[in-house]
Amino acid sequence: MACSEAMYAIGWALPDHASDQQCTELSGLAGHTQSGTFRMPRAGARPWLASLSGERNKPGGAGSDSVVEQKDGLVLGIFRPPGSLQADEVRVHVRWDGDDTAVVSFETFDY
């Protein structure tokens with residue numbers, strides 16, 4: 001599955017300059033899930049996360065945009081994203097990969 005299609009189904013857009021895209025889709029008795037990884041410029045990672053729509057999980061330590069900063073990257077949880085996938089939750093992890101690059105991974109959950 002193309003990552004742009006996965007993002008569209010979630011109700012989001014793939015960030016500009018995304019590369020090394022690898023996304024999958026699974027359907028079965030347990031529901032429908034998507035997951036994937038891609039690279040993007042590190043400087044654009046937090047603004048992209050902050051732009052994602054849906055009901056935000058607001059854990060302790062999160063900034064006003066609900067993004068949690070970690071030593072090696074960023075984390076964001078979104079409940080019920082607006083897309084056609086109708087996922088219950090999407091978890092997005094950003095791992096710093098050098099000074100200029102971030103590796104983004106995401107997974108949808110259908111409870």
# chains A, B, ... in the order shown; residues from 1 in each chain; ligands from 1
>>> residues_around(residues="A:Glu107", least_positions_apart="6", cutoff="8 Å", atoms="only C-alpha atoms", output="PyMOL selection string")
chain A and resi 33-36+90-92
>>> write_last_selection(atoms="N, CA, C and O atoms", output="CSV table (one decimal), in the first residue's frame")
chain,number,residue,atom,x,y,z
A,33,THR,N,-6.3,-2.7,10.1
A,33,THR,CA,-5.2,-1.9,10.6
A,33,THR,C,-4.3,-1.5,9.5
A,33,THR,O,-4.2,-2.2,8.5
A,34,GLN,N,-3.5,-0.4,9.7
A,34,GLN,CA,-2.5,0.0,8.8
A,34,GLN,C,-1.3,0.4,9.7
A,34,GLN,O,-1.4,0.8,10.8
A,35,SER,N,-0.1,0.2,9.1
A,35,SER,CA,1.1,0.6,9.7
A,35,SER,C,2.1,1.0,8.6
A,35,SER,O,2.0,0.7,7.5
A,36,GLY,N,3.1,1.7,9.1
A,36,GLY,CA,4.2,2.1,8.1
A,36,GLY,C,5.3,2.9,8.7
A,36,GLY,O,5.2,3.3,9.8
A,90,VAL,N,-4.6,6.0,16.5
A,90,VAL,CA,-3.4,6.0,15.7
A,90,VAL,C,-2.2,6.5,16.6
A,90,VAL,O,-2.4,7.5,17.3
A,91,ARG,N,-1.2,5.7,16.6
A,91,ARG,CA,0.0,6.1,17.4
A,91,ARG,C,1.1,6.4,16.4
A,91,ARG,O,1.4,5.6,15.5
A,92,VAL,N,1.7,7.6,16.6
A,92,VAL,CA,2.8,8.0,15.7
A,92,VAL,C,4.1,8.2,16.6
A,92,VAL,O,4.0,8.9,17.6
>>> residues_around(residues="stretch 77-89 of chain A", least_positions_apart="6", cutoff="12 Å", atoms="only C-alpha atoms", output="NGL selection string")
:A and (5-13 or 25-27 or 31-35 or 49-59 or 62 or 65-68 or 105-111)
>>> residues_around(residues="A:Leu74", least_positions_apart="5", cutoff="8 Å", atoms="only C-alpha atoms", output="PDB file with C-alpha atoms, in the first residue's frame")
ATOM      1  CA  ARG A  46       6.909  18.495  15.059  1.00  0.00           C
ATOM      2  CA  VAL A  67       3.205  15.938  21.299  1.00  0.00           C
ATOM      3  CA  VAL A  68       5.459  14.203  23.819  1.00  0.00           C
ATOM      4  CA  GLU A  69       9.166  14.957  23.502  1.00  0.00           C
ATOM      5  CA  HIS A  93       6.455   7.732  16.773  1.00  0.00           C
ATOM      6  CA  VAL A  94       9.239   9.907  15.403  1.00  0.00           C
ATOM      7  CA  ARG A  95      12.826   8.795  15.937  1.00  0.00           C
TER       8      ARG A  95
END
>>> closest_residue(among="A:Met1, A:Cys23, A:Ala45, A:Leu14", to="A:Asp97", atoms="only C-alpha atoms")
A:Ala45
>>> select_by_dssp(residues="chain A", states="strand (DSSP E)", output="number ranges by chain")
A: 19-28, 31-41, 55-56, 68-70, 73-79, 89-96, 101-109
>>> select_by_dssp(residues="stretch 18-50 of chain A", states="alpha helix (DSSP H)", output="NGL selection string")
:A and (45-50)
>>> residues_around(residues="A:Val103", least_positions_apart="6", cutoff="10 Å", atoms="only C-alpha atoms", output="NGL selection string")
:A and (18-21 or 37-42 or 45 or 73 or 93-97)
>>> write_last_selection(atoms="all heavy atoms", output="short mmCIF file (atom, residue, chain, number, x, y, z; two decimals), in the first residue's frame")
data_model
loop_
_atom_site.label_atom_id
_atom_site.label_comp_id
_atom_site.auth_asym_id
_atom_site.auth_seq_id
_atom_site.Cartn_x
_atom_site.Cartn_y
_atom_site.Cartn_z
N ALA A 18 8.64 13.32 2.13
CA ALA A 18 8.70 11.98 2.73
C ALA A 18 9.41 11.05 1.75
O ALA A 18 9.20 11.12 0.54
CB ALA A 18 7.30 11.47 3.03
N SER A 19 10.26 10.18 2.28
CA SER A 19 10.99 9.24 1.44
C SER A 19 11.06 7.88 2.13
O SER A 19 10.65 7.74 3.29
CB SER A 19 12.40 9.77 1.15
OG SER A 19 13.13 9.86 2.37
N ASP A 20 11.59 6.90 1.44
CA ASP A 20 11.75 5.54 1.99
C ASP A 20 10.46 5.03 2.61
O ASP A 20 10.44 4.50 3.72
CB ASP A 20 12.88 5.49 3.02
CG ASP A 20 14.23 5.86 2.43
OD1 ASP A 20 14.43 5.61 1.23
OD2 ASP A 20 15.07 6.39 3.17
N GLN A 21 9.37 5.18 1.89
CA GLN A 21 8.04 4.84 2.39
C GLN A 21 7.79 3.33 2.32
O GLN A 21 8.01 2.71 1.29
CB GLN A 21 6.98 5.56 1.58
CG GLN A 21 7.15 7.06 1.59
CD GLN A 21 6.25 7.74 0.58
OE1 GLN A 21 5.17 7.25 0.28
NE2 GLN A 21 6.70 8.86 0.04
N THR A 37 6.27 3.13 7.86
CA THR A 37 7.39 3.99 8.22
C THR A 37 7.79 4.81 7.00
O THR A 37 7.56 4.40 5.86
CB THR A 37 8.63 3.19 8.68
OG1 THR A 37 9.08 2.38 7.61
CG2 THR A 37 8.34 2.35 9.90
N PHE A 38 8.36 5.96 7.27
CA PHE A 38 8.92 6.80 6.22
C PHE A 38 9.90 7.77 6.87
O PHE A 38 9.89 7.97 8.07
CB PHE A 38 7.84 7.54 5.41
CG PHE A 38 6.91 8.38 6.23
CD1 PHE A 38 7.22 9.70 6.56
CD2 PHE A 38 5.69 7.87 6.67
CE1 PHE A 38 6.35 10.47 7.30
CE2 PHE A 38 4.82 8.64 7.42
CZ PHE A 38 5.14 9.94 7.73
N ARG A 39 10.73 8.34 6.05
CA ARG A 39 11.69 9.36 6.50
C ARG A 39 11.18 10.73 6.06
O ARG A 39 10.51 10.86 5.05
CB ARG A 39 13.07 9.12 5.90
CG ARG A 39 13.73 7.88 6.38
CD ARG A 39 15.14 7.73 5.76
NE ARG A 39 15.72 6.48 6.15
CZ ARG A 39 16.30 6.24 7.32
NH1 ARG A 39 16.39 7.20 8.20
NH2 ARG A 39 16.80 5.05 7.60
N MET A 40 11.56 11.73 6.85
CA MET A 40 11.22 13.11 6.51
C MET A 40 12.27 14.03 7.13
O MET A 40 13.02 13.60 8.02
CB MET A 40 9.81 13.47 7.00
CG MET A 40 9.67 13.54 8.51
SD MET A 40 8.00 14.03 9.05
CE MET A 40 7.94 15.71 8.46
N PRO A 41 12.31 15.29 6.72
CA PRO A 41 13.24 16.22 7.35
C PRO A 41 12.90 16.39 8.84
O PRO A 41 11.74 16.56 9.20
CB PRO A 41 13.03 17.52 6.58
CG PRO A 41 12.49 17.09 5.26
CD PRO A 41 11.64 15.88 5.56
N ARG A 42 13.92 16.33 9.67
CA ARG A 42 13.72 16.45 11.11
C ARG A 42 13.04 17.76 11.50
O ARG A 42 12.18 17.79 12.37
CB ARG A 42 15.08 16.32 11.81
CG ARG A 42 15.00 16.38 13.31
CD ARG A 42 16.36 16.12 13.94
NE ARG A 42 16.31 16.37 15.37
CZ ARG A 42 17.20 15.93 16.22
NH1 ARG A 42 18.24 15.24 15.80
NH2 ARG A 42 17.09 16.20 17.50
N ALA A 45 9.21 17.63 11.45
CA ALA A 45 8.49 16.57 12.16
C ALA A 45 7.46 17.11 13.16
O ALA A 45 6.30 16.72 13.13
CB ALA A 45 9.47 15.63 12.85
N GLY A 73 13.28 11.41 20.15
CA GLY A 73 12.26 11.78 19.16
C GLY A 73 10.99 12.31 19.78
O GLY A 73 11.00 12.94 20.84
N HIS A 93 5.16 7.60 16.11
CA HIS A 93 6.45 7.73 16.77
C HIS A 93 7.44 8.33 15.77
O HIS A 93 7.49 7.89 14.62
CB HIS A 93 6.98 6.37 17.25
CG HIS A 93 6.11 5.74 18.27
ND1 HIS A 93 6.29 5.93 19.62
CD2 HIS A 93 5.04 4.93 18.15
CE1 HIS A 93 5.37 5.27 20.28
NE2 HIS A 93 4.59 4.65 19.42
N VAL A 94 8.20 9.29 16.23
CA VAL A 94 9.24 9.91 15.40
C VAL A 94 10.57 9.66 16.10
O VAL A 94 10.72 9.98 17.28
CB VAL A 94 9.01 11.43 15.24
CG1 VAL A 94 10.14 12.06 14.46
CG2 VAL A 94 7.66 11.70 14.58
N ARG A 95 11.50 9.06 15.39
CA ARG A 95 12.83 8.80 15.94
C ARG A 95 13.84 9.63 15.17
O ARG A 95 13.86 9.64 13.94
CB ARG A 95 13.17 7.30 15.81
CG ARG A 95 14.53 6.94 16.37
CD ARG A 95 14.83 5.45 16.22
NE ARG A 95 14.60 4.92 14.90
CZ ARG A 95 15.46 5.00 13.88
NH1 ARG A 95 16.61 5.64 14.03
NH2 ARG A 95 15.17 4.46 12.71
N TRP A 96 14.66 10.37 15.91
CA TRP A 96 15.70 11.17 15.26
C TRP A 96 16.73 10.24 14.62
O TRP A 96 17.19 9.28 15.23
CB TRP A 96 16.39 12.09 16.25
CG TRP A 96 15.49 13.02 17.01
CD1 TRP A 96 15.60 13.33 18.33
CD2 TRP A 96 14.39 13.79 16.51
NE1 TRP A 96 14.62 14.23 18.69
CE2 TRP A 96 13.86 14.53 17.58
CE3 TRP A 96 13.78 13.91 15.27
CZ2 TRP A 96 12.77 15.38 17.45
CZ3 TRP A 96 12.68 14.75 15.13
CH2 TRP A 96 12.20 15.48 16.21
N ASP A 97 17.06 10.53 13.39
CA ASP A 97 18.03 9.74 12.64
C ASP A 97 19.09 10.70 12.11
O ASP A 97 19.07 11.07 10.94
CB ASP A 97 17.33 8.99 11.50
CG ASP A 97 18.24 8.02 10.80
OD1 ASP A 97 19.09 7.41 11.46
OD2 ASP A 97 18.09 7.87 9.56
#
>>> atom_distance(atom1="atom CA of A:Gln22", atom2="atom CA of A:Val104")
10.5 Å
>>> atom_distance(atom1="atom CA of A:His17", atom2="atom CA of A:Gly98")
16.4 Å
>>> closest_residue(among="A:Ala102, A:Cys3, A:Pro15, A:Thr24", to="A:Asp72", atoms="only C-alpha atoms")
A:Ala102
